[in-house]
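Raw protein-v7.txt, compact mmCIF, C-alpha atoms:
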# COMPACT_ATOMS: atom_id res chain seq x y z
CA MET Y 122 105.03 -21.29 49.78
CA ILE Y 123 101.88 -19.17 49.76
CA GLY Y 124 100.92 -16.95 46.86
CA LEU Y 125 98.14 -14.57 45.96
CA SER Y 126 96.62 -14.20 42.54
CA LYS Y 127 97.79 -10.94 40.99
CA ALA Y 128 94.35 -10.46 39.48
CA GLY Y 129 92.00 -11.17 42.34
CA LEU Y 130 93.86 -11.98 45.57
CA LYS Y 131 92.83 -15.61 45.30
CA PRO Y 132 94.77 -17.73 47.80
CA TRP Y 133 97.02 -20.42 46.42
CA THR Y 134 99.27 -22.90 48.18
CA ALA Y 135 102.06 -24.30 46.06
CA PRO Y 136 103.64 -27.72 46.41
CA THR Y 137 107.33 -27.89 47.22
CA CYS Y 138 109.71 -27.57 44.29
CA PRO Y 139 110.32 -31.34 43.88
CA ALA Y 140 106.59 -31.83 43.50
CA LEU Y 141 106.53 -29.30 40.67
CA GLU Y 142 108.75 -31.46 38.50
CA GLY Y 143 106.82 -32.82 35.55
CA LEU Y 144 103.89 -30.44 36.01
CA LYS Y 145 102.84 -27.98 33.33
CA VAL Y 146 102.75 -24.74 35.26
CA ALA Y 147 103.07 -22.15 32.49
CA LYS Y 148 99.29 -21.75 32.28
CA TRP Y 149 99.02 -20.33 35.81
CA ILE Y 150 102.42 -18.79 36.47
CA GLU Y 151 101.30 -15.30 35.40
CA ASP Y 152 98.60 -15.32 38.09
CA ILE Y 153 100.95 -16.14 40.97
CA PHE Y 154 103.47 -13.91 42.78
CA ILE Y 155 106.49 -16.10 43.44
CA THR Y 156 108.99 -15.28 46.19
CA THR Y 157 112.00 -17.43 46.96
CA LYS Y 158 115.30 -16.98 48.78
CA LEU Y 159 119.01 -17.36 48.35
CA MET Y 160 120.03 -19.56 51.25
CA VAL Y 161 123.08 -19.05 53.46
CA GLU Y 162 125.06 -21.89 51.91
CA ASN Y 163 124.50 -20.54 48.38
CA GLN Y 164 125.88 -17.03 48.86
CA GLY Y 165 128.77 -15.71 46.77
CA ASN Y 166 129.31 -15.24 43.03
CA GLU Y 167 129.18 -18.73 41.55
CA LYS Y 168 126.92 -20.43 44.08
CA ALA Y 169 124.34 -17.64 44.04
CA GLU Y 170 123.77 -17.61 40.30
CA LYS Y 171 123.77 -21.39 40.07
CA SER Y 172 121.22 -21.65 42.88
CA ILE Y 173 118.86 -19.05 41.39
CA LEU Y 174 118.99 -20.59 37.92
CA GLU Y 175 118.22 -23.96 39.49
CA SER Y 176 115.19 -22.42 41.21
CA LEU Y 177 113.97 -21.09 37.88
CA LYS Y 178 114.35 -24.55 36.39
CA LYS Y 179 112.46 -26.25 39.21
CA LEU Y 180 109.69 -23.64 39.12
CA GLN Y 181 109.46 -24.02 35.33
CA THR Y 182 109.35 -20.28 34.81
CA ASP Y 183 111.47 -17.66 33.08
CA TYR Y 184 111.38 -15.26 36.02
CA ILE Y 185 110.87 -14.98 39.79
CA ASP Y 186 108.80 -12.09 41.11
CA LEU Y 187 110.90 -11.51 44.23
CA LEU Y 188 114.25 -13.01 45.24
CA LEU Y 189 115.57 -12.37 48.75
CA ILE Y 190 118.99 -12.93 50.32
CA HIS Y 191 117.92 -15.02 53.29
CA PHE Y 192 120.45 -13.96 55.92
CA PRO Y 193 123.37 -11.51 56.21
CA GLY Y 194 125.91 -14.27 56.87
CA CYS Y 195 127.30 -17.01 54.66
CA ASN Y 196 128.17 -18.96 57.81
CA ARG Y 197 125.33 -18.88 60.33
CA ASN Y 198 127.54 -20.50 62.97
CA ASP Y 199 130.30 -17.87 62.86
CA PRO Y 200 129.30 -14.20 62.83
CA ASN Y 201 132.98 -13.23 62.67
CA ASP Y 202 133.65 -15.14 59.47
CA PRO Y 203 135.46 -12.62 57.20
CA ARG Y 204 133.62 -14.05 54.20
CA ASN Y 205 130.28 -12.68 55.43
CA PRO Y 206 130.54 -9.10 54.06
CA VAL Y 207 132.21 -10.36 50.87
CA ALA Y 208 129.45 -12.90 50.30
CA ARG Y 209 126.76 -10.27 50.92
CA LYS Y 210 128.23 -7.97 48.28
CA GLU Y 211 128.86 -10.70 45.73
CA SER Y 212 125.38 -12.14 46.20
CA TRP Y 213 123.74 -8.75 45.70
CA GLU Y 214 125.72 -8.20 42.51
CA VAL Y 215 124.41 -11.53 41.21
CA LEU Y 216 120.85 -10.49 42.06
CA GLU Y 217 121.38 -7.19 40.24
CA LYS Y 218 122.72 -9.02 37.19
CA LEU Y 219 119.72 -11.36 37.02
CA TYR Y 220 117.39 -8.44 37.70
CA ASN Y 221 118.83 -6.60 34.71
CA GLU Y 222 118.42 -9.76 32.66
CA LYS Y 223 114.74 -9.79 33.73
CA LYS Y 224 115.06 -13.18 35.38
CA LEU Y 225 114.19 -11.48 38.68
CA ARG Y 226 111.44 -8.86 38.69
CA SER Y 227 112.39 -7.49 42.11
CA ILE Y 228 115.13 -8.20 44.64
CA GLY Y 229 115.48 -7.75 48.37
CA VAL Y 230 116.86 -9.09 51.62
CA SER Y 231 115.75 -10.88 54.75
CA ASN Y 232 116.95 -10.56 58.35
CA TYR Y 233 119.00 -7.48 57.53
CA GLU Y 234 119.69 -5.02 60.33
CA ILE Y 235 120.34 -1.30 59.76
CA VAL Y 236 124.10 -1.88 59.62
CA HIS Y 237 123.65 -4.44 56.82
CA LEU Y 238 121.31 -2.16 54.89
CA GLU Y 239 123.72 0.77 55.16
CA GLU Y 240 126.50 -1.44 53.84
CA LEU Y 241 124.27 -2.61 50.97
CA LEU Y 242 123.10 0.87 50.04
CA GLY Y 243 126.72 1.95 49.86
CA HIS Y 244 127.31 -0.12 46.73
CA ALA Y 245 123.90 -1.18 45.38
CA LYS Y 246 122.95 -0.10 41.86
CA VAL Y 247 119.47 -1.58 42.32
CA LEU Y 248 117.87 -0.76 45.66
CA PRO Y 249 116.29 -3.57 47.72
CA ALA Y 250 112.52 -3.65 47.38
CA VAL Y 251 111.90 -5.61 50.59
CA ASN Y 252 113.45 -6.42 53.95
CA GLN Y 253 111.70 -9.46 55.44
CA CYS Y 254 112.20 -9.87 59.20
CA GLU Y 255 110.71 -11.41 62.32
CA TYR Y 256 108.11 -9.00 63.70
CA HIS Y 257 105.28 -9.46 66.20
CA PRO Y 258 104.15 -8.02 69.57
CA TYR Y 259 106.98 -9.88 71.33
CA TYR Y 260 109.62 -8.58 68.91
CA TYR Y 261 109.07 -5.17 67.34
CA THR Y 262 112.06 -3.41 65.79
CA LYS Y 263 110.80 0.15 65.61
CA ASP Y 264 114.12 1.71 64.51
CA LEU Y 265 114.57 -0.84 61.73
CA VAL Y 266 111.02 -0.31 60.45
CA LYS Y 267 111.52 3.47 60.41
CA TYR Y 268 114.86 3.12 58.64
CA CYS Y 269 113.32 0.96 55.93
CA GLU Y 270 110.51 3.47 55.47
CA SER Y 271 113.03 6.30 55.11
CA LYS Y 272 114.85 4.39 52.36
CA ASP Y 273 111.68 3.28 50.55
CA ILE Y 274 112.32 -0.37 51.44
CA HIS Y 275 109.13 -2.28 52.19
CA PHE Y 276 109.28 -3.97 55.60
CA GLN Y 277 107.67 -7.40 55.61
CA ALA Y 278 106.96 -9.49 58.72
CA TYR Y 279 107.49 -13.21 59.11
CA SER Y 280 106.60 -15.35 62.15
CA SER Y 281 103.62 -13.16 63.00
CA PHE Y 282 102.41 -15.91 65.37
CA GLY Y 283 105.84 -16.55 66.85
CA SER Y 284 107.92 -19.59 65.95
CA GLU Y 285 106.46 -23.04 65.33
CA VAL Y 286 107.88 -24.27 68.64
CA LYS Y 287 107.12 -21.23 70.82
CA LYS Y 288 103.99 -19.80 69.22
CA GLN Y 289 101.71 -20.77 72.13
CA ALA Y 290 103.31 -18.05 74.26
CA LEU Y 291 102.10 -15.39 71.83
CA LEU Y 292 98.80 -17.04 70.94
CA THR Y 293 97.80 -17.32 74.61
CA ASP Y 294 99.18 -13.98 75.80
CA PRO Y 295 96.50 -12.29 77.98
CA LYS Y 296 96.91 -8.85 76.38
CA VAL Y 297 96.77 -10.27 72.85
CA THR Y 298 93.77 -12.51 73.52
CA ALA Y 299 91.87 -9.66 75.19
CA LEU Y 300 92.51 -7.36 72.25
CA ALA Y 301 91.46 -10.05 69.76
CA LYS Y 302 88.19 -10.36 71.69
CA LYS Y 303 87.75 -6.58 71.58
CA TYR Y 304 87.96 -6.66 67.77
CA GLY Y 305 85.71 -9.70 67.52
CA THR Y 306 88.30 -11.78 65.72
CA SER Y 307 90.63 -14.73 66.25
CA VAL Y 308 94.00 -14.27 67.91
CA THR Y 309 95.77 -15.19 64.67
CA ASN Y 310 93.83 -12.64 62.63
CA PHE Y 311 94.43 -10.00 65.29
CA LEU Y 312 98.19 -10.66 65.06
CA LEU Y 313 98.11 -10.36 61.27
CA ALA Y 314 96.02 -7.18 61.43
CA TRP Y 315 98.39 -5.79 64.09
CA ALA Y 316 101.21 -5.74 61.53
CA LEU Y 317 99.03 -4.84 58.54
CA SER Y 318 97.68 -1.80 60.39
CA GLN Y 319 101.27 -0.54 60.59
CA GLY Y 320 101.73 -0.81 56.81
CA ILE Y 321 103.71 -4.04 57.23
CA SER Y 322 102.83 -7.01 55.03
CA VAL Y 323 102.68 -10.50 56.53
CA LEU Y 324 103.49 -14.09 55.57
CA PRO Y 325 101.14 -16.55 57.27
CA ARG Y 326 101.96 -20.05 56.07
CA SER Y 327 99.37 -22.73 55.46
CA ARG Y 328 98.71 -25.70 53.21
CA ASN Y 329 95.06 -25.63 54.27
CA PRO Y 330 92.88 -23.60 51.84
CA VAL Y 331 90.39 -22.89 54.65
CA HIS Y 332 93.12 -21.32 56.80
CA VAL Y 333 94.43 -19.33 53.85
CA LYS Y 334 90.97 -17.90 53.27
CA GLU Y 335 90.58 -17.13 56.99
CA ASN Y 336 93.91 -15.28 57.00
CA LEU Y 337 92.65 -12.94 54.30
CA GLU Y 338 89.97 -11.70 56.70
CA ALA Y 339 92.73 -9.86 58.57
CA LEU Y 340 92.81 -7.37 55.69
CA LYS Y 341 89.41 -6.09 56.85
CA ILE Y 342 90.55 -5.32 60.41
CA LYS Y 343 92.11 -1.98 61.37
CA ILE Y 344 93.90 -1.86 64.71
CA THR Y 345 94.16 1.57 66.33
CA PRO Y 346 97.60 3.03 67.13
CA GLU Y 347 96.73 2.79 70.83
CA ASP Y 348 95.96 -0.92 70.59
CA ILE Y 349 99.04 -1.54 68.47
CA GLU Y 350 101.08 -0.20 71.40
CA ALA Y 351 98.94 -2.00 73.99
CA ALA Y 352 99.66 -5.39 72.40
CA LYS Y 353 103.42 -5.02 72.70
CA ALA Y 354 105.22 -7.02 75.36
CA ASP Y 355 107.21 -5.05 77.93
CA ASN Y 356 110.30 -7.20 77.30
CA GLN Y 357 111.15 -8.25 73.77
CA THR Y 358 111.67 -11.92 72.88
CA LYS Y 359 113.16 -13.03 69.58
CA PHE Y 360 112.06 -16.53 68.66
CA LEU Y 361 114.30 -17.22 65.68
CA TRP Y 362 117.90 -16.65 64.56
CA ASP Y 363 119.65 -13.44 65.52
CA PRO Y 364 121.34 -11.47 62.70
CA THR Y 365 122.50 -8.60 64.92
CA LYS Y 366 125.99 -10.06 65.45
CA TYR Y 367 126.81 -10.44 61.73
Structure encoded using structure tokens:
Amino acid sequence: MIGLSKAGLKPWTAPTCPALEGLKVAKWIEDIFITTKLMVENQGNEKAEKSILESLKKLQTDYIDLLLIHFPGCNRNDPNDPRNPVARKESWEVLEKLYNEKKLRSIGVSNYEIVHLEELLGHAKVLPAVNQCEYHPYYYTKDLVKYCESKDIHFQAYSSFGSEVKKQALLTDPKVTALAKKYGTSVTNFLLAWALSQGISVLPRSRNPVHVKENLEALKIKITPEDIEAAKADNQTKFLWDPTKY
């Protein structure tokens, strides 16, 4: 989990939740923006609330800054499971409840397609603040980004470098490497700046403070609209799970 200081954008890499147990974290919790997710197996009324309260306990905090529903299905192996839409609705109602109780400061979703967002907006009392999705030059969902903008939902990119297993394809792509050279930066910072220049926030993961600091340099790079288009692959490739069938 990577956080930024609310006061000064100081990079911070948190230990995993088990490592937090026994630590006194109250003294720094106000300086850190904490995001966590409701996993697939914890969707639905009872499981969702229990899971979120357990996260609060492990994080030793009274609130979470941003809680996201991780995926639009409660059964990732069966997109036709009739429980999927029911679990989505019930889970969002739990998030709204905890939001109103101020245990969650903002709520959102991840991997939601337009069809899922339309369904959600049809019953939501609290609108999603964020939709976090895979997004990079090999997979760019223009219609989804525009839809989120039209509904005032912030679109956030994950896997900016591709997946852990397949990232070399993106990091060694001739068009991407040539454009990184043009901007006088690393390929990784070019990929981060590519999304940032579109108004899309990014989530580069690292436990190395040096890498975290290097990633912040991408904030200083502005990619032109022409080069944003030039970096895109002719044929899209999704590296991670596909929510379009749910």
Option closest in space to Leu241 of chain Y, from Y:Pro193, Y:Gly305, Y:Pro200, Y:Gly283 [counting all atoms listed in the file]: Y:Pro193
Polymer residues at most 9 Å from segment 345-357 of chain Y, only C-alpha atoms, same-chain spacing of 2 or more positions, as a PyMOL selection string: chain Y and resi 257-261+296-297+300+315-316+318-319+343+359
Within 10 Å of Phe360 of chain Y using all atoms listed in the file, minus same-chain residues under 5 positions, as an MDAnalysis selection string: chainID Y and resid 255:256 259:260 280 283:288
Selection: 10 Å around Phe276 of chain Y, only C-alpha atoms, excl. self and same-chain fewer than 2 positions, as a PyMOL selection string: chain Y and resi 230-231+250-254+256+265-270+273-274+278+320-323
Residue list as a ChimeraX atom specification for point (93.6, -5.7, 57.5), cut-off 8 Å, only C-alpha atoms: /Y:313-314,317-318,337-343
Two-atom distance - atom CA of Gly229 of chain Y, atom CA of Ile190 of chain Y (Å): 6.6 Å
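Here the question is which of Y:Asp186, Y:Leu219, Y:Lys171, Y:Gly165 gets nearest to Asp152 of chain Y using all atoms listed in the file, and that residue is Y:Asp186.
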Distance of atom CA of Glu217 of chain Y from atom CA of Ala245 of chain Y, expressed in Å to one decimal place: 8.3 Å
Could you pull segment 288-303 of chain Y out of the block above and save it with N, CA and C atoms, as a PDB file, in the first residue's frame?
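Output contents, as saved in result-v2.pdb:
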ATOM      1  N   LYS Y 288       4.799  -7.139 -17.833  1.00  0.00           N
ATOM      2  CA  LYS Y 288       5.154  -5.720 -17.938  1.00  0.00           C
ATOM      3  C   LYS Y 288       6.291  -5.447 -18.921  1.00  0.00           C
ATOM      4  N   GLN Y 289       7.154  -6.431 -19.195  1.00  0.00           N
ATOM      5  CA  GLN Y 289       8.270  -6.188 -20.097  1.00  0.00           C
ATOM      6  C   GLN Y 289       7.805  -5.812 -21.500  1.00  0.00           C
ATOM      7  N   ALA Y 290       6.632  -6.325 -21.901  1.00  0.00           N
ATOM      8  CA  ALA Y 290       6.105  -5.983 -23.227  1.00  0.00           C
ATOM      9  C   ALA Y 290       5.880  -4.485 -23.345  1.00  0.00           C
ATOM     10  N   LEU Y 291       5.339  -3.886 -22.312  1.00  0.00           N
ATOM     11  CA  LEU Y 291       5.061  -2.452 -22.318  1.00  0.00           C
ATOM     12  C   LEU Y 291       6.330  -1.637 -22.075  1.00  0.00           C
ATOM     13  N   LEU Y 292       7.166  -2.109 -21.166  1.00  0.00           N
ATOM     14  CA  LEU Y 292       8.371  -1.360 -20.806  1.00  0.00           C
ATOM     15  C   LEU Y 292       9.422  -1.363 -21.913  1.00  0.00           C
ATOM     16  N   THR Y 293       9.324  -2.315 -22.846  1.00  0.00           N
ATOM     17  CA  THR Y 293      10.293  -2.377 -23.942  1.00  0.00           C
ATOM     18  C   THR Y 293       9.656  -2.048 -25.296  1.00  0.00           C
ATOM     19  N   ASP Y 294       8.419  -1.586 -25.283  1.00  0.00           N
ATOM     20  CA  ASP Y 294       7.735  -1.238 -26.521  1.00  0.00           C
ATOM     21  C   ASP Y 294       8.501  -0.124 -27.246  1.00  0.00           C
ATOM     22  N   PRO Y 295       8.792  -0.297 -28.535  1.00  0.00           N
ATOM     23  CA  PRO Y 295       9.596   0.704 -29.261  1.00  0.00           C
ATOM     24  C   PRO Y 295       8.987   2.107 -29.258  1.00  0.00           C
ATOM     25  N   LYS Y 296       7.676   2.206 -29.424  1.00  0.00           N
ATOM     26  CA  LYS Y 296       7.046   3.537 -29.426  1.00  0.00           C
ATOM     27  C   LYS Y 296       7.162   4.188 -28.056  1.00  0.00           C
ATOM     28  N   VAL Y 297       6.930   3.417 -27.010  1.00  0.00           N
ATOM     29  CA  VAL Y 297       6.979   3.949 -25.648  1.00  0.00           C
ATOM     30  C   VAL Y 297       8.398   4.357 -25.279  1.00  0.00           C
ATOM     31  N   THR Y 298       9.367   3.513 -25.595  1.00  0.00           N
ATOM     32  CA  THR Y 298      10.756   3.837 -25.241  1.00  0.00           C
ATOM     33  C   THR Y 298      11.251   5.059 -26.013  1.00  0.00           C
ATOM     34  N   ALA Y 299      10.832   5.184 -27.274  1.00  0.00           N
ATOM     35  CA  ALA Y 299      11.245   6.354 -28.060  1.00  0.00           C
ATOM     36  C   ALA Y 299      10.645   7.636 -27.500  1.00  0.00           C
ATOM     37  N   LEU Y 300       9.393   7.567 -27.076  1.00  0.00           N
ATOM     38  CA  LEU Y 300       8.753   8.751 -26.506  1.00  0.00           C
ATOM     39  C   LEU Y 300       9.354   9.116 -25.151  1.00  0.00           C
ATOM     40  N   ALA Y 301       9.705   8.108 -24.352  1.00  0.00           N
ATOM     41  CA  ALA Y 301      10.361   8.385 -23.068  1.00  0.00           C
ATOM     42  C   ALA Y 301      11.680   9.121 -23.308  1.00  0.00           C
ATOM     43  N   LYS Y 302      12.418   8.680 -24.324  1.00  0.00           N
ATOM     44  CA  LYS Y 302      13.687   9.336 -24.670  1.00  0.00           C
ATOM     45  C   LYS Y 302      13.434  10.772 -25.109  1.00  0.00           C
ATOM     46  N   LYS Y 303      12.376  11.004 -25.864  1.00  0.00           N
ATOM     47  CA  LYS Y 303      12.033  12.349 -26.326  1.00  0.00           C
ATOM     48  C   LYS Y 303      11.813  13.296 -25.149  1.00  0.00           C
TER      49      LYS Y 303
END
